[in-house]
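Peer 1: Contents of run.cif (mmCIF, C-alpha atoms and all ligand atoms) are given next:
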data_coords
loop_
_atom_site.label_atom_id
_atom_site.label_comp_id
_atom_site.auth_asym_id
_atom_site.auth_seq_id
_atom_site.Cartn_x
_atom_site.Cartn_y
_atom_site.Cartn_z
CA MET A 1 -3.58 -35.08 -15.17
CA PRO A 2 -3.66 -38.38 -17.11
CA LYS A 3 -0.45 -40.12 -18.19
CA ALA A 4 1.51 -38.51 -21.07
CA PRO A 5 0.63 -40.02 -24.47
CA LYS A 6 3.20 -42.15 -26.30
CA LEU A 7 3.67 -40.15 -29.49
CA PRO A 8 6.22 -40.95 -32.21
CA ALA A 9 9.36 -38.78 -31.97
CA ASN A 10 8.89 -37.30 -35.44
CA VAL A 11 5.32 -35.93 -35.10
CA ALA A 12 5.00 -32.83 -37.28
CA THR A 13 3.70 -29.88 -35.27
CA PRO A 14 1.37 -28.26 -34.61
CA ALA A 15 -1.10 -31.14 -34.55
CA TYR A 16 -4.36 -31.96 -32.81
CA VAL A 17 -4.22 -35.61 -31.82
CA LEU A 18 -7.26 -37.67 -30.86
CA ASP A 19 -6.38 -40.49 -28.43
CA VAL A 20 -8.66 -43.40 -29.38
CA ALA A 21 -8.11 -45.31 -26.12
CA ARG A 22 -9.25 -42.31 -24.10
CA LEU A 23 -12.22 -41.67 -26.37
CA LYS A 24 -13.33 -45.28 -25.89
CA THR A 25 -13.16 -44.84 -22.11
CA ASN A 26 -15.44 -41.80 -22.40
CA MET A 27 -17.80 -43.66 -24.72
CA ALA A 28 -18.13 -46.38 -22.07
CA THR A 29 -19.48 -43.77 -19.63
CA ALA A 30 -22.00 -42.61 -22.22
CA ALA A 31 -22.98 -46.20 -22.99
CA ARG A 32 -23.63 -46.87 -19.31
CA ILE A 33 -25.80 -43.77 -18.85
CA ARG A 34 -27.71 -44.57 -21.99
CA ARG A 35 -28.28 -48.18 -20.94
CA GLU A 36 -29.05 -47.69 -17.26
CA ALA A 37 -31.03 -44.45 -17.48
CA GLY A 38 -32.79 -45.47 -20.69
CA CYS A 39 -32.10 -42.16 -22.40
CA LYS A 40 -30.71 -41.07 -25.75
CA ILE A 41 -27.33 -39.37 -26.04
CA LEU A 42 -26.33 -37.17 -28.98
CA LEU A 43 -22.95 -35.63 -29.80
CA ALA A 44 -23.07 -31.82 -29.98
CA THR A 45 -20.83 -31.30 -33.01
CA LYS A 46 -20.32 -27.63 -32.12
CA ALA A 47 -17.86 -28.89 -29.47
CA PHE A 48 -16.19 -31.65 -31.43
CA ALA A 49 -16.63 -32.40 -35.12
CA MET A 50 -13.91 -34.80 -36.19
CA PRO A 51 -15.17 -37.28 -38.78
CA ALA A 52 -12.16 -39.55 -38.18
CA ALA A 53 -13.44 -40.05 -34.61
CA PHE A 54 -17.02 -40.85 -35.55
CA PRO A 55 -16.42 -44.59 -36.15
CA PHE A 56 -15.44 -44.82 -32.47
CA MET A 57 -18.60 -42.99 -31.32
CA ARG A 58 -21.32 -44.11 -33.71
CA ASP A 59 -22.17 -47.41 -32.04
CA THR A 60 -22.62 -45.80 -28.62
CA LEU A 61 -24.47 -42.61 -29.46
CA ASP A 62 -27.90 -42.03 -31.00
CA GLY A 63 -26.77 -39.34 -33.42
CA THR A 64 -25.66 -35.73 -33.49
CA THR A 65 -27.06 -32.32 -32.69
CA ALA A 66 -26.17 -29.35 -34.86
CA SER A 67 -26.06 -25.57 -34.58
CA GLY A 68 -27.31 -25.01 -38.11
CA GLU A 69 -27.39 -26.35 -41.65
CA TYR A 70 -23.70 -27.13 -42.16
CA GLU A 71 -23.27 -29.07 -38.93
CA ALA A 72 -26.54 -30.87 -39.60
CA ARG A 73 -25.22 -31.88 -43.01
CA LEU A 74 -21.96 -33.05 -41.43
CA GLY A 75 -23.94 -35.15 -38.96
CA ARG A 76 -26.08 -36.65 -41.71
CA GLU A 77 -23.21 -37.38 -44.11
CA GLU A 78 -20.41 -38.33 -41.72
CA PHE A 79 -22.09 -39.69 -38.57
CA GLY A 80 -25.46 -41.03 -39.68
CA LYS A 81 -28.21 -41.91 -37.18
CA GLU A 82 -30.46 -39.13 -35.82
CA VAL A 83 -29.82 -35.50 -36.75
CA HIS A 84 -31.13 -32.80 -34.40
CA VAL A 85 -30.63 -29.08 -35.02
CA TYR A 86 -31.22 -25.93 -32.99
CA ALA A 87 -30.39 -22.29 -33.69
CA PRO A 88 -31.69 -19.12 -32.04
CA ALA A 89 -32.88 -18.10 -35.52
CA TYR A 90 -32.57 -19.61 -38.98
CA ALA A 91 -31.37 -17.82 -42.14
CA PRO A 92 -33.79 -17.46 -45.06
CA GLY A 93 -34.20 -20.86 -46.76
CA GLU A 94 -32.27 -22.70 -44.04
CA VAL A 95 -35.24 -24.48 -42.46
CA GLU A 96 -36.48 -25.59 -45.87
CA ARG A 97 -33.09 -27.16 -46.58
CA LEU A 98 -32.96 -28.61 -43.05
CA THR A 99 -36.24 -30.46 -43.61
CA LYS A 100 -34.27 -32.62 -46.09
CA ILE A 101 -31.30 -33.15 -43.75
CA ALA A 102 -32.48 -33.26 -40.12
CA ASP A 103 -35.08 -35.36 -38.29
CA HIS A 104 -35.62 -33.03 -35.34
CA ILE A 105 -35.72 -29.25 -35.79
CA TYR A 106 -35.78 -27.04 -32.68
CA PHE A 107 -36.96 -23.44 -32.52
CA ASN A 108 -36.10 -20.70 -30.07
CA SER A 109 -39.20 -18.56 -29.71
CA PRO A 110 -42.91 -18.25 -30.49
CA GLU A 111 -41.88 -16.03 -33.43
CA GLN A 112 -39.66 -18.76 -34.98
CA VAL A 113 -42.32 -21.43 -34.39
CA GLU A 114 -44.90 -19.24 -36.07
CA GLN A 115 -42.60 -18.73 -39.09
CA TYR A 116 -41.68 -22.38 -39.60
CA LEU A 117 -44.08 -24.80 -37.89
CA SER A 118 -46.24 -25.54 -40.92
CA LEU A 119 -43.19 -26.02 -43.15
CA VAL A 120 -41.75 -28.65 -40.79
CA LYS A 121 -45.08 -30.28 -39.95
CA ALA A 122 -45.77 -30.81 -43.68
CA ASN A 123 -43.40 -33.78 -43.35
CA PRO A 124 -44.87 -36.29 -40.88
CA ASN A 125 -41.41 -37.83 -40.28
CA LEU A 126 -40.02 -34.64 -38.77
CA HIS A 127 -40.20 -33.65 -35.12
CA VAL A 128 -40.47 -30.13 -33.78
CA GLY A 129 -38.68 -29.04 -30.63
CA VAL A 130 -38.78 -25.76 -28.75
CA ARG A 131 -36.00 -24.44 -26.57
CA ILE A 132 -37.27 -23.16 -23.25
CA ASN A 133 -35.31 -20.85 -20.98
CA PRO A 134 -36.16 -22.44 -17.63
CA GLY A 135 -34.33 -19.84 -15.56
CA TYR A 136 -31.88 -22.33 -14.07
CA SER A 137 -28.20 -21.36 -13.95
CA ASN A 138 -25.31 -23.71 -13.18
CA ALA A 139 -22.49 -22.85 -15.63
CA THR A 140 -19.24 -23.58 -13.81
CA LEU A 141 -17.02 -21.32 -15.89
CA GLY A 142 -17.05 -18.02 -17.70
CA GLY A 143 -19.88 -16.44 -15.68
CA ALA A 144 -22.55 -14.84 -17.85
CA LEU A 145 -20.46 -15.58 -20.96
CA TYR A 146 -21.43 -19.26 -20.75
CA ASP A 147 -24.74 -19.10 -18.87
CA PRO A 148 -27.65 -19.50 -21.31
CA CYS A 149 -30.01 -18.28 -18.57
CA ALA A 150 -28.07 -15.07 -17.85
CA PRO A 151 -30.20 -11.90 -17.84
CA ASN A 152 -31.42 -10.94 -21.33
CA SER A 153 -30.02 -14.15 -22.86
CA ARG A 154 -31.21 -14.71 -26.44
CA PHE A 155 -31.64 -18.44 -25.83
CA GLY A 156 -35.00 -20.07 -25.29
CA THR A 157 -38.61 -19.06 -24.77
CA THR A 158 -39.06 -17.51 -21.34
CA ARG A 159 -41.71 -18.35 -18.81
CA GLU A 160 -43.49 -15.09 -19.75
CA GLU A 161 -43.93 -16.19 -23.39
CA ILE A 162 -44.32 -19.94 -22.97
CA ASP A 163 -48.11 -19.94 -23.35
CA GLN A 164 -47.81 -18.31 -26.76
CA LEU A 165 -46.42 -21.62 -28.08
CA PRO A 166 -48.79 -24.07 -29.77
CA TRP A 167 -48.46 -26.89 -27.19
CA GLY A 168 -50.00 -29.98 -28.68
CA LYS A 169 -48.07 -29.43 -31.93
CA ILE A 170 -44.67 -29.49 -30.25
CA ASP A 171 -42.87 -32.83 -29.88
CA ILE A 172 -39.80 -31.95 -27.80
CA PHE A 173 -39.28 -29.71 -24.77
CA HIS A 174 -35.64 -28.57 -24.88
CA ALA A 175 -33.63 -26.92 -22.09
CA HIS A 176 -29.89 -26.33 -22.45
CA THR A 177 -28.63 -24.40 -19.42
CA LEU A 178 -25.46 -26.14 -18.19
CA CYS A 179 -21.78 -25.65 -18.92
CA GLU A 180 -19.09 -28.01 -17.61
CA SER A 181 -21.61 -28.81 -14.86
CA ARG A 182 -21.26 -31.71 -12.46
CA ASP A 183 -24.09 -34.03 -11.31
CA ASP A 184 -25.52 -31.35 -9.00
CA GLY A 185 -26.16 -29.19 -12.08
CA SER A 186 -27.63 -32.02 -14.17
CA VAL A 187 -29.86 -33.26 -11.36
CA GLY A 188 -30.74 -29.70 -10.35
CA LEU A 189 -31.89 -28.95 -13.90
CA ILE A 190 -33.95 -32.15 -14.08
CA ASN A 191 -35.67 -31.38 -10.76
CA HIS A 192 -36.21 -27.74 -11.66
CA VAL A 193 -37.84 -28.60 -14.97
CA ALA A 194 -39.97 -31.35 -13.37
CA LYS A 195 -41.18 -28.98 -10.66
CA ASN A 196 -41.81 -25.86 -12.72
CA PHE A 197 -42.76 -27.07 -16.20
CA SER A 198 -44.73 -30.27 -15.62
CA ALA A 199 -47.83 -29.00 -17.43
CA TYR A 200 -45.79 -28.54 -20.62
CA ILE A 201 -43.77 -31.74 -20.27
CA LYS A 202 -47.03 -33.69 -20.09
CA ARG A 203 -47.85 -32.41 -23.58
CA VAL A 204 -44.64 -33.52 -25.37
CA LYS A 205 -43.09 -36.85 -26.42
CA ALA A 206 -39.53 -36.06 -25.42
CA VAL A 207 -37.48 -33.80 -23.18
CA ASN A 208 -34.01 -32.77 -24.34
CA LEU A 209 -31.89 -31.70 -21.36
CA GLY A 210 -29.20 -30.09 -23.52
CA GLY A 211 -25.44 -30.31 -23.09
CA GLY A 212 -23.02 -29.13 -20.45
CA HIS A 213 -23.28 -32.43 -18.51
CA PHE A 214 -19.56 -32.99 -17.76
CA ILE A 215 -20.11 -36.73 -17.43
CA ASN A 216 -16.51 -37.84 -17.95
CA LYS A 217 -14.97 -35.73 -15.22
CA PRO A 218 -13.84 -37.92 -12.30
CA ASP A 219 -15.85 -35.82 -9.81
CA TYR A 220 -19.13 -36.26 -11.73
CA ASN A 221 -21.43 -38.76 -9.99
CA ILE A 222 -22.97 -40.80 -12.82
CA GLU A 223 -25.24 -42.76 -10.46
CA LYS A 224 -27.02 -39.57 -9.42
CA LEU A 225 -27.64 -38.59 -13.04
CA ILE A 226 -28.94 -42.06 -13.90
CA ALA A 227 -31.30 -42.07 -10.90
CA ALA A 228 -32.65 -38.61 -11.73
CA ILE A 229 -33.33 -39.50 -15.38
CA LYS A 230 -35.03 -42.74 -14.38
CA ALA A 231 -37.27 -40.91 -11.89
CA PHE A 232 -38.10 -38.24 -14.47
CA ARG A 233 -39.00 -40.85 -17.08
CA ALA A 234 -41.14 -42.72 -14.56
CA GLU A 235 -42.98 -39.53 -13.60
CA PHE A 236 -43.70 -38.22 -17.10
CA GLY A 237 -43.40 -41.22 -19.43
CA VAL A 238 -41.37 -39.18 -21.91
CA GLU A 239 -38.21 -39.98 -23.84
CA VAL A 240 -35.16 -38.20 -22.38
CA ILE A 241 -32.33 -36.90 -24.56
CA LEU A 242 -28.92 -35.54 -23.51
CA GLU A 243 -26.72 -33.72 -26.03
CA PRO A 244 -23.30 -33.15 -24.50
CA GLY A 245 -20.27 -32.07 -26.49
CA ALA A 246 -17.41 -31.37 -24.10
CA GLY A 247 -18.51 -34.07 -21.65
CA LEU A 248 -18.04 -36.75 -24.32
CA VAL A 249 -14.53 -35.76 -25.35
CA VAL A 250 -12.98 -34.21 -22.26
CA ASP A 251 -9.38 -35.43 -21.83
CA THR A 252 -9.36 -37.41 -25.09
CA GLY A 253 -6.65 -35.60 -27.03
CA TYR A 254 -3.81 -33.17 -27.37
CA LEU A 255 -2.43 -30.19 -29.17
CA VAL A 256 1.20 -31.02 -29.91
CA SER A 257 3.43 -28.02 -30.54
CA SER A 258 7.10 -27.08 -30.76
CA VAL A 259 9.18 -24.28 -29.34
CA ILE A 260 10.30 -22.21 -32.34
CA GLY A 261 11.96 -19.24 -30.64
CA MET A 262 13.14 -17.85 -27.31
CA HIS A 263 12.85 -14.33 -25.95
CA LYS A 264 13.50 -12.40 -22.74
CA ASN A 265 11.61 -9.38 -21.41
CA GLY A 266 11.64 -9.37 -17.63
CA LYS A 267 10.77 -13.07 -17.79
CA ASP A 268 11.81 -15.91 -20.06
CA ILE A 269 9.43 -16.32 -22.98
CA ALA A 270 9.11 -19.24 -25.39
CA ILE A 271 7.36 -18.80 -28.74
CA LEU A 272 5.45 -21.84 -30.01
CA ASP A 273 4.12 -22.92 -33.39
CA ALA A 274 0.72 -23.21 -31.65
CA SER A 275 -1.25 -20.10 -30.75
CA ALA A 276 -3.86 -19.29 -28.11
CA SER A 277 -5.50 -16.86 -30.48
CA THR A 278 -5.87 -19.15 -33.49
CA HIS A 279 -5.74 -22.71 -32.07
CA MET A 280 -7.12 -22.54 -28.53
CA PRO A 281 -9.30 -19.42 -28.37
CA ASP A 282 -11.06 -20.59 -25.20
CA VAL A 283 -7.77 -19.98 -23.38
CA LEU A 284 -8.43 -16.29 -24.02
CA GLU A 285 -12.22 -16.35 -24.04
CA VAL A 286 -13.08 -18.29 -20.88
CA PRO A 287 -10.22 -17.70 -19.88
CA TYR A 288 -8.43 -20.84 -18.70
CA THR A 289 -4.93 -22.31 -18.62
CA PRO A 290 -4.57 -25.68 -20.35
CA PRO A 291 -2.49 -28.48 -18.82
CA ILE A 292 0.91 -29.35 -20.31
CA PHE A 293 2.40 -32.81 -19.84
CA GLY A 294 5.60 -32.62 -17.76
CA ALA A 295 5.08 -28.97 -16.79
CA GLY A 296 3.90 -27.30 -13.61
CA GLU A 297 2.59 -23.91 -12.60
CA ALA A 298 5.03 -21.00 -12.82
CA GLY A 299 7.63 -21.39 -10.09
CA ALA A 300 6.74 -24.99 -9.24
CA LYS A 301 9.68 -26.40 -11.23
CA ALA A 302 13.18 -24.98 -11.79
CA HIS A 303 12.62 -23.13 -15.07
CA SER A 304 9.59 -20.89 -15.70
CA TYR A 305 8.47 -19.53 -19.07
CA ILE A 306 5.65 -17.54 -20.54
CA LEU A 307 4.42 -19.50 -23.56
CA GLY A 308 2.95 -17.57 -26.49
CA GLY A 309 2.09 -17.93 -30.15
CA LYS A 310 3.76 -16.15 -33.06
CA THR A 311 0.76 -13.99 -34.03
CA CYS A 312 0.90 -10.21 -33.73
CA MET A 313 -1.75 -10.18 -31.02
CA THR A 314 -0.11 -9.04 -27.79
CA GLY A 315 -2.48 -11.20 -25.78
CA ASP A 316 -1.63 -14.39 -27.69
CA ILE A 317 -0.32 -15.90 -24.46
CA ILE A 318 -1.15 -19.45 -23.41
CA GLY A 319 0.10 -18.99 -19.85
CA GLU A 320 3.12 -19.22 -17.62
CA PHE A 321 4.47 -22.70 -16.88
CA SER A 322 7.55 -24.27 -15.35
CA PHE A 323 9.74 -27.16 -16.49
CA ASP A 324 12.49 -29.33 -15.00
CA LYS A 325 14.98 -28.38 -17.73
CA PRO A 326 15.48 -25.11 -19.62
CA LEU A 327 13.42 -24.96 -22.83
CA LYS A 328 15.17 -24.71 -26.17
CA VAL A 329 14.12 -24.37 -29.78
CA GLY A 330 12.84 -27.70 -31.08
CA ASP A 331 11.42 -28.88 -27.74
CA ARG A 332 7.98 -30.42 -27.92
CA ILE A 333 5.15 -29.04 -25.79
CA VAL A 334 2.06 -31.27 -25.47
CA PHE A 335 -1.12 -29.60 -24.25
CA GLY A 336 -3.70 -31.95 -22.72
CA ASP A 337 -7.50 -31.86 -22.94
CA MET A 338 -7.54 -30.18 -26.34
CA MET A 339 -10.42 -31.83 -28.19
CA GLN A 340 -13.47 -29.73 -27.20
CA TYR A 341 -14.01 -26.25 -28.60
CA SER A 342 -10.48 -26.18 -30.04
CA PHE A 343 -10.11 -27.05 -33.76
CA VAL A 344 -13.79 -26.31 -34.40
CA LYS A 345 -12.95 -22.65 -33.63
CA ASN A 346 -9.67 -22.37 -35.58
CA THR A 347 -8.80 -19.34 -37.65
CA THR A 348 -5.90 -18.56 -40.01
CA PHE A 349 -5.38 -15.06 -38.53
CA ASN A 350 -1.90 -13.77 -39.48
CA GLY A 351 -1.71 -16.60 -42.01
CA THR A 352 -1.08 -18.95 -39.10
CA PRO A 353 -1.00 -22.52 -40.43
CA LEU A 354 -3.78 -24.79 -39.19
CA PRO A 355 -2.54 -27.77 -37.14
CA ASP A 356 -2.66 -31.25 -38.64
CA MET A 357 -5.59 -33.42 -37.60
CA ALA A 358 -4.29 -36.76 -36.35
CA VAL A 359 -5.37 -39.92 -34.55
CA LEU A 360 -3.34 -41.92 -32.04
CA HIS A 361 -4.68 -45.46 -32.39
CA GLU A 362 -4.79 -48.00 -29.59
CA ASP A 363 -1.91 -49.98 -31.09
CA GLY A 364 0.31 -46.86 -31.04
CA ARG A 365 -0.11 -46.09 -34.74
CA TYR A 366 -0.06 -42.35 -35.45
CA GLU A 367 -2.30 -41.43 -38.38
CA VAL A 368 -2.38 -37.93 -39.85
CA VAL A 369 -5.86 -37.61 -41.36
CA ARG A 370 -5.54 -34.08 -42.75
CA THR A 371 -2.84 -31.46 -43.29
CA TYR A 372 -3.41 -27.87 -44.40
CA GLY A 373 -1.22 -25.49 -46.33
CA TYR A 374 -1.24 -22.07 -47.94
CA ASP A 375 -4.27 -23.04 -50.05
CA GLU A 376 -6.50 -23.23 -46.98
CA PHE A 377 -5.47 -19.71 -45.92
CA ARG A 378 -5.87 -18.32 -49.45
CA ARG A 379 -9.25 -19.97 -50.05
CA ARG A 380 -10.82 -18.24 -47.07
CA LEU A 381 -9.78 -14.80 -48.31
CA GLY A 382 -12.08 -14.82 -51.33
C1 LIG B 1 -28.03 -26.13 -27.45
C2 LIG B 1 -26.75 -26.75 -27.03
N1 LIG B 1 -26.67 -28.08 -26.88
C3 LIG B 1 -25.51 -28.68 -26.50
C4 LIG B 1 -24.36 -27.95 -26.27
C5 LIG B 1 -23.12 -28.68 -25.88
O1 LIG B 1 -22.64 -28.24 -24.67
P1 LIG B 1 -21.33 -28.86 -24.03
O2 LIG B 1 -20.28 -28.94 -25.08
O3 LIG B 1 -20.97 -27.91 -22.94
O4 LIG B 1 -21.71 -30.21 -23.51
C6 LIG B 1 -24.40 -26.55 -26.42
C7 LIG B 1 -23.21 -25.73 -26.16
O5 LIG B 1 -23.17 -24.54 -26.29
C8 LIG B 1 -25.62 -25.93 -26.83
O6 LIG B 1 -25.69 -24.60 -27.00
#
Just give me the structure of the file as C-alpha cells.
Peer 2:
Amino acid sequence: MPKAPKLPANVATPAYVLDVARLKTNMATAARIRREAGCKILLATKAFAMPAAFPFMRDTLDGTTASGEYEARLGREEFGKEVHVYAPAYAPGEVERLTKIADHIYFNSPEQVEQYLSLVKANPNLHVGVRINPGYSNATLGGALYDPCAPNSRFGTTREEIDQLPWGKIDIFHAHTLCESRDDGSVGLINHVAKNFSAYIKRVKAVNLGGGHFINKPDYNIEKLIAAIKAFRAEFGVEVILEPGAGLVVDTGYLVSSVIGMHKNGKDIAILDASASTHMPDVLEVPYTPPIFGAGEAGAKAHSYILGGKTCMTGDIIGEFSFDKPLKVGDRIVFGDMMQYSFVKNTTFNGTPLPDMAVLHEDGRYEVVRTYGYDEFRRRLG
C-alpha cells in the first residue's frame, strides 16, 4: 500500500480525491510505453471521467475512448484530441450524432456494420472499427462477469461470423478481452491475435488491443509489453492502439469518509458517510475489499470493525477491518485506490449524498472542484 496522503484536517466528507502526484507517476508509465513501443494510448472514460484531471493527462495520451454518445461528447469537449467510441449496439440516431463528435466509430457485429457503414463512410475523415471476439480470456477478477470472451458474451464478432464483415472497408481491428491483466495477458493477447487473425490484420490500418492492461501495477512487466507491440508492428506494419482505463489511474486517489455512528451486533460495527452500494459498487459487484490507510485485515490489529454505509441495503458492507485504536464518531477513514470505476458508477439511492470531487495538488493544495446537494438527487427523479 502506498504512503498515506497528506490531507488537510478539515476535509469535508465523503469526498473522492485525485492525487496529482500519483497520477503523474502513472502518466510517466504511459508516456514510456507510447514512446518506446510506438503505439497510441487512449483513456477509457468509462473507468475514469474526471475533467479536472484531464489537464494532467492530455499531453501524454492520444485521446479518449467512449462507451456511447455522452462519453464521446465529454471526450470531445473536455479532453480534446482523438475521440474513439464503441458500443455493442447504438440507439436510433446515435451514430448519426456520433459522426459529428467522434473520429473513430467501432461496431460490434456484421449486423451493426451493415446498418451504419455507409453513414460513417460518407465522411472521409471518419474511421470504422470492428470489435472482434478473439476467444482469448485473461480477466484476473470477477470470473465470467468481467471476461468479454466468456461463453455467449455479447461483445465482438466471433470467428464464425468474421467473414461476413466487409474487410477492405474496415480501418481498425479491435479486440478488448483483458481485465486487470498483467503483461502475460497483454502479450498473450497480442500473440493470439497475431497467430489466429493475421489475414484480417493485414487488411486494416490499425489494431486496437482494448483495455484491461494493468500497466501501473508494480508486478506488470512493461518491457515485455513494449517488446510485444514492437514485434507486432514490425510484422504487420499497422498502428497499434491501447485503451486502458483502470491501468492509467490505479492507485491515484482516495475516497475520504467519516465514521458517523457505532453499532454492536455480535461484532463491532461502524457506520460511515460513504457507502459500498452507492459510492463503491465494485466492492459488491466484483467483489473486492478496498485498502484503508492505517488499517489491517480483521484481527490483525487490536480493534476490529465491520464498516458499512447508511443505506437500507443489508449488504451495504465495505468489509471488516482492524485498527490500532478504537473507532469513534468523527474519525476519518481513507480508502485507497478509489479512482477507477468508482464515481463514474455513483447513484443517489436512499437519497445518499454524492461525495465531493476534489484534487490534491502536488504542492499540498486541496481543491474541491464540485459539491452536490439535494438538487442533484431531486433532478434525477424527474
Ligand atoms: C471496449 C473497452 N475498452 C476499454 C475498457 C477499459 O478497460 P480497463 O478499465 O479495464 O482498462 C473497457 C472496459 O470495460 C472496454 O469495455
Peer 1: When you look at Leu360 in chain A with a cut-off of 10 Å (counting all atoms listed in the file), what residues show up, excluding the ones that are within fewer than 3 positions of it in the same chain? I need them as a list in words.
Peer 2: Pro5, Lys6, Leu7, Pro8, Val17, Leu18, Asp19, Val20, Ala21, Arg22, Gly253, Tyr254, Asp363, Gly364, Arg365, Tyr366, Glu367 and Val368 of chain A
Peer 1: Rounded to one decimal, what separation in Å do you get between CA of Ile226 in chain A and CA of Asp62 in chain A?
Peer 2: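 Interatomic distance here is 17.1 Å.
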Peer 1: Could you work out how far atom O6 of ligand LIG 1 (chain B) lies from CA of Ala234 in chain A, giving the answer in Å with one decimal?
Peer 2: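 Distance between the two atoms: 26.9 Å.
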Peer 1: Residues within 6 Å of ligand LIG 1 (chain B), counting only C-alpha atoms and all ligand atoms: report them as a list in words.
Peer 2: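 Result of the 6 Å neighbour search around ligand LIG 1 (chain B): Ala44, Ala47, His176, Cys179, Glu180, Gly210, Gly211, Gly212, His213, Glu243, Pro244, Gly245, Ala246 and Gly247 of chain A.
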Peer 1: At a cut-off of 10 Å, using all atoms listed in the file, what residues contact range 271-284 of chain A? Leave out same-chain residues fewer than 4 positions from it and give the result as a ChimeraX atom specification.
Peer 2: /A:13-16,142,255-263,288-290,305-319,329-333,335,338-355
Peer 1: Which of these residues is nearest to Thr64 in chain A, using only C-alpha atoms: A:Gly135, A:Pro51, A:Gly266, A:Gly80?
Peer 2: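 When distances to Thr64 in chain A are compared using only C-alpha atoms, the smallest one comes from A:Gly80.
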Peer 1: Give as a count of residues only each residue that has an atom at most 9 Å from (-21.7, -36.0, -37.0) in the file, counting all atoms listed in the file.
Peer 2: 25
Peer 1: Quick one: distance from CA of Val250 in chain A to CA of Thr29 in chain A in Å, one decimal?
Peer 2: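 Value for the CA of Val250 in chain A-CA of Thr29 in chain A distance: 11.9 Å.
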Peer 1: Residues at most 9 Å from range 32-39 of chain A, counting all atoms listed in the file, excluding those fewer than 2 positions away in the same chain, as JSON, numbers by chain?
Peer 2: {"A": [27, 28, 29, 30, 41, 60, 61, 222, 223, 225, 226, 227, 228, 229, 230, 233, 239, 240, 241, 242]}
Peer 1: Which one is closest to Gly68 in chain A: A:Asn265, A:Asn221, A:Thr99, A:Ser198? Count all atoms listed in the file.
Peer 2: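 That would be A:Thr99, the residue with the smallest distance to Gly68 in chain A.
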Peer 1: Which is closer to Val334 in chain A than all the others in A:Gly296, A:Gly373, A:Pro291, A:Pro92, using all atoms listed in the file?
Peer 2: A:Pro291
Peer 1: So that I can check the surroundings of range 130-134 of chain A, please list as a ChimeraX atom specification every protein, DNA and RNA residue that reaches within 9 Å of it, counting all atoms listed in the file and ignoring chain neighbours fewer than 3 positions away.
Peer 2: /A:86,88,105-110,113,137,148-149,153,155-159,162,165,170-177,189,192-193,196-197,208
Peer 1: Need the axis-aligned box for range 332-341 of chain A with 6 Å each side, so what are the centre and edges in Å to one decimal, as AutoDock Vina command-line options?
Peer 2:
--center_x -3.0 --center_y -29.1 --center_z -25.7 --size_x 34.0 --size_y 17.7 --size_z 17.9
Peer 1: Which of these residues is nearest to Leu209 in chain A, using all atoms listed in the file: A:Lys46, A:Lys40, A:Ala91, A:Ser67?
Peer 2: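 Closest residue, counting all atoms listed in the file: A:Lys40.
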